[in-house]
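Student: Before I ask anything, here is the structure I am working with.
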Amino acid sequence: MKAVSLLLAALLGFASLDSSEAKIARMQLKKMPHTKKSMLAQFTQSQMLKQKVIWNQAGGSHTDISTLAIGATQAHGEPLTNFMNAQYFGEISLGTPAQTFKVVFDTGSSNLWVPSTHCSSIACWLHSRYDSSKSSTFKANGTTFGIQYGSGSLEGIISSETLGIADLKVKNVDFGESTKEPGIAFVAGRFDGIFGLAYDNIAVQKVVPPVYRMIQEGLLDEPLFGAYLGSADGSVGGEITFGGIVSEPYFNCLAFVRLISFTFQKDPAHYKGELTWAPVARKGYWEVEMHNVTLGGADLHFGTTRAAIDTGTSLCAIPTADADHINKIIGATKGITGQWSVDCSKVPSLPVLSMNFGGRDFELEGKDYILQAGSDSCISGFMGMDIPEPAGPIAIIGDVFLRRYYTVYDLGKNRVGFADSA
């Protein structure tokens, strides 16, 4: 949060008595080149990740973050691996001794789950599996859960464990041990599981999401996290930072025998310029108002003014009529799998798409919203998906947008911040 200048000036004299420089524990993401096969896998994964418990959007109660403890004075970073601009994942651990898993950090869902040794699905056997018998910190819960995806229902049981993420150890985290994983998307995925980052009111079985546990344990300085997604041609896959973002400068002031941080932390390595804030329109997904969607300067008259900002989705899923309209304007053709492809030679001349969040227009060029797999295969980043009421109609803004723009998700003030990625 920004400095309260007068109070800060009054307290700066005390800062040297008890001050420390904030640091970030970073988790880097890796990336791999596109292939035609990987693009089909990406599209399949996108279809699967779009269907994140949309029926549960309207239900549940939200935890008031202001009632939870805010403790430590540093941010904690989790580096991400970028697989062909389709899957961004980072490494966490569960149990004692630690069992490691690659997970997608997903602002479009709220549960943490990984494959279990009790799972017999092919997808589980091809990924790391959690073994409760090898952990001294395992606590049985036994509640069953199911998460409906496009390819079927992922099923399992709830357990409790110690979570390791970045430099943090979070005790008594409830998570899902999957015992059934349907469809090819989980088989082909480079990730083992999903780490949900959305609001707690859409968590399956009312499980407390891991970020809420971090806040409850006083492990975070601020109840927010930032997401930086690198591109496939960059040197860094990406990073998720919890509790803040790297500050420049950063002050701690001792007041009333309590350490207070007055400066919102800024990460010059991940974004440039100022953050534009958009208030959360409805708690569940990170859902904000979206206005003035244009293509080449022409108003597209979108069928929705709501958008869920979703780090767990590769493409942008928008109402089918809008997706078809955009893809026809850019000269895309629809294949039998539902993918829209574009002549790669025309990408540099494609019109700019713009959407407005928080009063600022955010632009995407053709090179941003077209995904290239080799010299002769280019895929549109817009796919049609009609989400019914009460969750919809809504647009799901995924990694096509988030590679261009850095985002911050503020649970304390219920808002999403946007800035140009550095």
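So you can find residues: chains in the structure tokens are A, B, ... in the order shown, residues in each start at 1, and ligands are numbered from 1 in order.
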Could you give me, as a PyMOL selection string, the residues within 10 Å of Gly331 of chain A, counting only C-alpha atoms and dropping anything in the same chain fewer than 6 positions from it?
Tutor: chain A and resi 340-343+346+350
Student: Could those residues be written to a file, using N, CA and C atoms, as a compact mmCIF listing (two decimals), in the first residue's frame?
Tutor:
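Below is the file that was written, again_11.txt:
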```
# COMPACT_ATOMS: atom_id res chain seq x y z
N TRP A 340 -8.99 -22.27 -33.52
CA TRP A 340 -8.97 -21.33 -34.63
C TRP A 340 -7.51 -21.07 -35.01
N SER A 341 -7.17 -21.27 -36.27
CA SER A 341 -5.79 -21.08 -36.73
C SER A 341 -5.71 -19.88 -37.67
N VAL A 342 -4.52 -19.27 -37.70
CA VAL A 342 -4.28 -18.06 -38.48
C VAL A 342 -3.03 -18.26 -39.34
N ASP A 343 -3.02 -17.66 -40.51
CA ASP A 343 -1.84 -17.65 -41.36
C ASP A 343 -0.73 -16.89 -40.63
N LYS A 346 0.53 -13.38 -41.47
CA LYS A 346 -0.34 -12.23 -41.26
C LYS A 346 -0.33 -11.71 -39.83
N LEU A 350 -1.99 -7.99 -37.86
CA LEU A 350 -3.29 -8.15 -37.22
C LEU A 350 -3.64 -6.92 -36.36
```
Student: Counting only C-alpha atoms, what is within 9 Å of segment 125-135 of chain A, bar same-chain residues fewer than 6 positions away, as a list in words?
Tutor: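 The filter keeps Leu94, Gly95, Thr96, Pro97, Ala98, Gln99, Thr100, Phe101, Lys102, Val114, Pro115, Ser116, Thr117, His118, Cys119, Ser159, Glu161, Glu177, Val187, Ala188, Arg190, Phe191 and Asp192 of chain A.
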Student: At a cut-off of 9 Å, using only C-alpha atoms, what residues contact Asn172 of chain A? Leave out same-chain residues fewer than 3 positions from it and give the result as a ChimeraX atom specification.
Tutor: /A:137-139,160-163,213
Student: Report the distance between atom CA of Leu411 of chain A and atom CA of Val170 of chain A in Å, rounded to one decimal place.
Tutor: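 Separating atom CA of Leu411 of chain A from atom CA of Val170 of chain A is a distance of 18.3 Å.
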Student: When you count only C-alpha atoms, which of these residues is closest to Ala395 of chain A: A:Leu353, A:Val293, A:Ala140, A:Leu168?
Tutor: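 For Ala395 of chain A, the nearest of the candidates is A:Val293.
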Student: Quick one: of A:Val416, A:Thr304, A:Met290, A:Thr313, who's nearest to Asp361 of chain A, counting only C-alpha atoms?
Tutor: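 Nearest candidate to Asp361 of chain A out of A:Val416, A:Thr304, A:Met290, A:Thr313: A:Met290.
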Student: Any idea what's packed within 12 Å of segment 295-300 of chain A, counting only C-alpha atoms, ignoring anything in its chain fewer than 4 positions away? Could you give it as a PDB file with N, CA and C atoms, in the first residue's frame?
Tutor:
```pdb
ATOM      1  N   HIS A 291     -14.562  -3.145 -19.711  1.00  0.00           N
ATOM      2  CA  HIS A 291     -15.289  -2.227 -20.580  1.00  0.00           C
ATOM      3  C   HIS A 291     -14.503  -1.943 -21.855  1.00  0.00           C
ATOM      4  N   THR A 304     -20.612  -9.551 -22.467  1.00  0.00           N
ATOM      5  CA  THR A 304     -20.475  -9.492 -21.008  1.00  0.00           C
ATOM      6  C   THR A 304     -19.568  -8.333 -20.641  1.00  0.00           C
ATOM      7  N   THR A 305     -19.763  -7.796 -19.454  1.00  0.00           N
ATOM      8  CA  THR A 305     -18.875  -6.750 -18.943  1.00  0.00           C
ATOM      9  C   THR A 305     -18.107  -7.246 -17.725  1.00  0.00           C
ATOM     10  N   PRO A 319     -17.533 -15.372 -24.472  1.00  0.00           N
ATOM     11  CA  PRO A 319     -18.767 -15.864 -25.082  1.00  0.00           C
ATOM     12  C   PRO A 319     -18.551 -16.272 -26.538  1.00  0.00           C
ATOM     13  N   ALA A 321     -20.201 -16.229 -29.315  1.00  0.00           N
ATOM     14  CA  ALA A 321     -20.488 -15.270 -30.379  1.00  0.00           C
ATOM     15  C   ALA A 321     -19.368 -14.246 -30.515  1.00  0.00           C
ATOM     16  N   ASP A 322     -18.808 -13.809 -29.372  1.00  0.00           N
ATOM     17  CA  ASP A 322     -17.715 -12.838 -29.399  1.00  0.00           C
ATOM     18  C   ASP A 322     -16.432 -13.456 -29.938  1.00  0.00           C
ATOM     19  N   ALA A 323     -16.149 -14.695 -29.520  1.00  0.00           N
ATOM     20  CA  ALA A 323     -14.956 -15.383 -30.001  1.00  0.00           C
ATOM     21  C   ALA A 323     -15.022 -15.603 -31.512  1.00  0.00           C
ATOM     22  N   ASP A 324     -16.186 -16.043 -31.988  1.00  0.00           N
ATOM     23  CA  ASP A 324     -16.350 -16.265 -33.428  1.00  0.00           C
ATOM     24  C   ASP A 324     -16.174 -14.960 -34.201  1.00  0.00           C
ATOM     25  N   HIS A 325     -16.721 -13.887 -33.633  1.00  0.00           N
ATOM     26  CA  HIS A 325     -16.634 -12.576 -34.290  1.00  0.00           C
ATOM     27  C   HIS A 325     -15.181 -12.133 -34.417  1.00  0.00           C
ATOM     28  N   ILE A 326     -14.430 -12.210 -33.315  1.00  0.00           N
ATOM     29  CA  ILE A 326     -13.015 -11.817 -33.327  1.00  0.00           C
ATOM     30  C   ILE A 326     -12.231 -12.674 -34.305  1.00  0.00           C
ATOM     31  N   ASN A 327     -12.405 -13.984 -34.235  1.00  0.00           N
ATOM     32  CA  ASN A 327     -11.611 -14.891 -35.070  1.00  0.00           C
ATOM     33  C   ASN A 327     -11.909 -14.713 -36.555  1.00  0.00           C
ATOM     34  N   LYS A 328     -13.135 -14.377 -36.889  1.00  0.00           N
ATOM     35  CA  LYS A 328     -13.450 -14.123 -38.297  1.00  0.00           C
ATOM     36  C   LYS A 328     -12.814 -12.814 -38.773  1.00  0.00           C
ATOM     37  N   ILE A 329     -12.808 -11.794 -37.907  1.00  0.00           N
ATOM     38  CA  ILE A 329     -12.197 -10.514 -38.279  1.00  0.00           C
ATOM     39  C   ILE A 329     -10.704 -10.688 -38.550  1.00  0.00           C
ATOM     40  N   ILE A 330     -10.023 -11.499 -37.735  1.00  0.00           N
ATOM     41  CA  ILE A 330      -8.579 -11.664 -37.911  1.00  0.00           C
ATOM     42  C   ILE A 330      -8.244 -12.723 -38.960  1.00  0.00           C
ATOM     43  N   SER A 349       0.500  -8.016 -38.981  1.00  0.00           N
ATOM     44  CA  SER A 349      -0.440  -6.996 -39.455  1.00  0.00           C
ATOM     45  C   SER A 349      -1.826  -7.099 -38.819  1.00  0.00           C
ATOM     46  N   LEU A 350      -1.994  -7.990 -37.863  1.00  0.00           N
ATOM     47  CA  LEU A 350      -3.294  -8.152 -37.220  1.00  0.00           C
ATOM     48  C   LEU A 350      -3.636  -6.925 -36.364  1.00  0.00           C
ATOM     49  N   PRO A 351      -4.919  -6.607 -36.230  1.00  0.00           N
ATOM     50  CA  PRO A 351      -5.324  -5.409 -35.473  1.00  0.00           C
ATOM     51  C   PRO A 351      -5.083  -5.568 -33.974  1.00  0.00           C
ATOM     52  N   VAL A 352      -4.942  -4.426 -33.313  1.00  0.00           N
ATOM     53  CA  VAL A 352      -4.743  -4.394 -31.862  1.00  0.00           C
ATOM     54  C   VAL A 352      -6.080  -4.615 -31.165  1.00  0.00           C
ATOM     55  N   LEU A 353      -6.085  -5.504 -30.187  1.00  0.00           N
ATOM     56  CA  LEU A 353      -7.268  -5.706 -29.337  1.00  0.00           C
ATOM     57  C   LEU A 353      -7.046  -4.973 -28.025  1.00  0.00           C
ATOM     58  N   SER A 354      -8.071  -4.254 -27.567  1.00  0.00           N
ATOM     59  CA  SER A 354      -7.953  -3.472 -26.342  1.00  0.00           C
ATOM     60  C   SER A 354      -9.128  -3.778 -25.416  1.00  0.00           C
ATOM     61  N   MET A 355      -8.841  -3.847 -24.125  1.00  0.00           N
ATOM     62  CA  MET A 355      -9.886  -4.008 -23.112  1.00  0.00           C
ATOM     63  C   MET A 355      -9.554  -3.107 -21.927  1.00  0.00           C
ATOM     64  N   ASN A 356     -10.575  -2.605 -21.258  1.00  0.00           N
ATOM     65  CA  ASN A 356     -10.376  -1.614 -20.214  1.00  0.00           C
ATOM     66  C   ASN A 356     -10.669  -2.207 -18.842  1.00  0.00           C
ATOM     67  N   ASP A 361      -6.981   1.420 -20.644  1.00  0.00           N
ATOM     68  CA  ASP A 361      -7.042   0.499 -21.774  1.00  0.00           C
ATOM     69  C   ASP A 361      -5.772  -0.344 -21.820  1.00  0.00           C
ATOM     70  N   PHE A 362      -5.933  -1.651 -21.906  1.00  0.00           N
ATOM     71  CA  PHE A 362      -4.816  -2.588 -22.008  1.00  0.00           C
ATOM     72  C   PHE A 362      -4.849  -3.238 -23.389  1.00  0.00           C
ATOM     73  N   GLU A 363      -3.763  -3.078 -24.135  1.00  0.00           N
ATOM     74  CA  GLU A 363      -3.735  -3.517 -25.518  1.00  0.00           C
ATOM     75  C   GLU A 363      -2.961  -4.822 -25.719  1.00  0.00           C
ATOM     76  N   LEU A 364      -3.439  -5.610 -26.658  1.00  0.00           N
ATOM     77  CA  LEU A 364      -2.752  -6.828 -27.095  1.00  0.00           C
ATOM     78  C   LEU A 364      -2.539  -6.740 -28.597  1.00  0.00           C
ATOM     79  N   GLU A 365      -1.295  -6.932 -29.036  1.00  0.00           N
ATOM     80  CA  GLU A 365      -0.997  -6.993 -30.459  1.00  0.00           C
ATOM     81  C   GLU A 365      -1.183  -8.423 -30.952  1.00  0.00           C
ATOM     82  N   GLY A 366      -1.137  -8.579 -32.265  1.00  0.00           N
ATOM     83  CA  GLY A 366      -1.294  -9.908 -32.826  1.00  0.00           C
ATOM     84  C   GLY A 366      -0.303 -10.908 -32.254  1.00  0.00           C
ATOM     85  N   TYR A 369      -1.747 -12.215 -28.884  1.00  0.00           N
ATOM     86  CA  TYR A 369      -2.925 -13.079 -28.817  1.00  0.00           C
ATOM     87  C   TYR A 369      -2.923 -14.229 -29.817  1.00  0.00           C
TER      88      TYR A 369
END
```
Student: Quick one: of A:Thr311, A:Asn141, A:Asn414, A:Ser377, who's nearest to Trp277 of chain A, counting only C-alpha atoms?
Tutor: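 Distance minimum relative to Trp277 of chain A lands on A:Asn414.
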Student: So, counting only C-alpha atoms, which residue among A:Val347, A:Ile387, A:Ala227, A:Ile202 is closest to His270 of chain A?
Tutor: A:Ala227
Student: Quick one: of A:Gly398, A:Gly384, A:Pro209, A:Pro390, who's nearest to Ser314 of chain A, counting only C-alpha atoms?
Tutor: A:Gly398
Student: Record the distance separating atom CA of Val103 of chain A and atom CA of Ala422 of chain A, expressed in Å with one decimal.
Tutor: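 These two atoms are separated by 24.4 Å.
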Student: Have a look at A:Gly189, A:Gly284, A:Gly183, A:Gly176 and name the one nearest to Asn201 of chain A; count only C-alpha atoms.
Tutor: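 Checking each of A:Gly189, A:Gly284, A:Gly183, A:Gly176 against Asn201 of chain A, counting only C-alpha atoms, the winner is A:Gly284.
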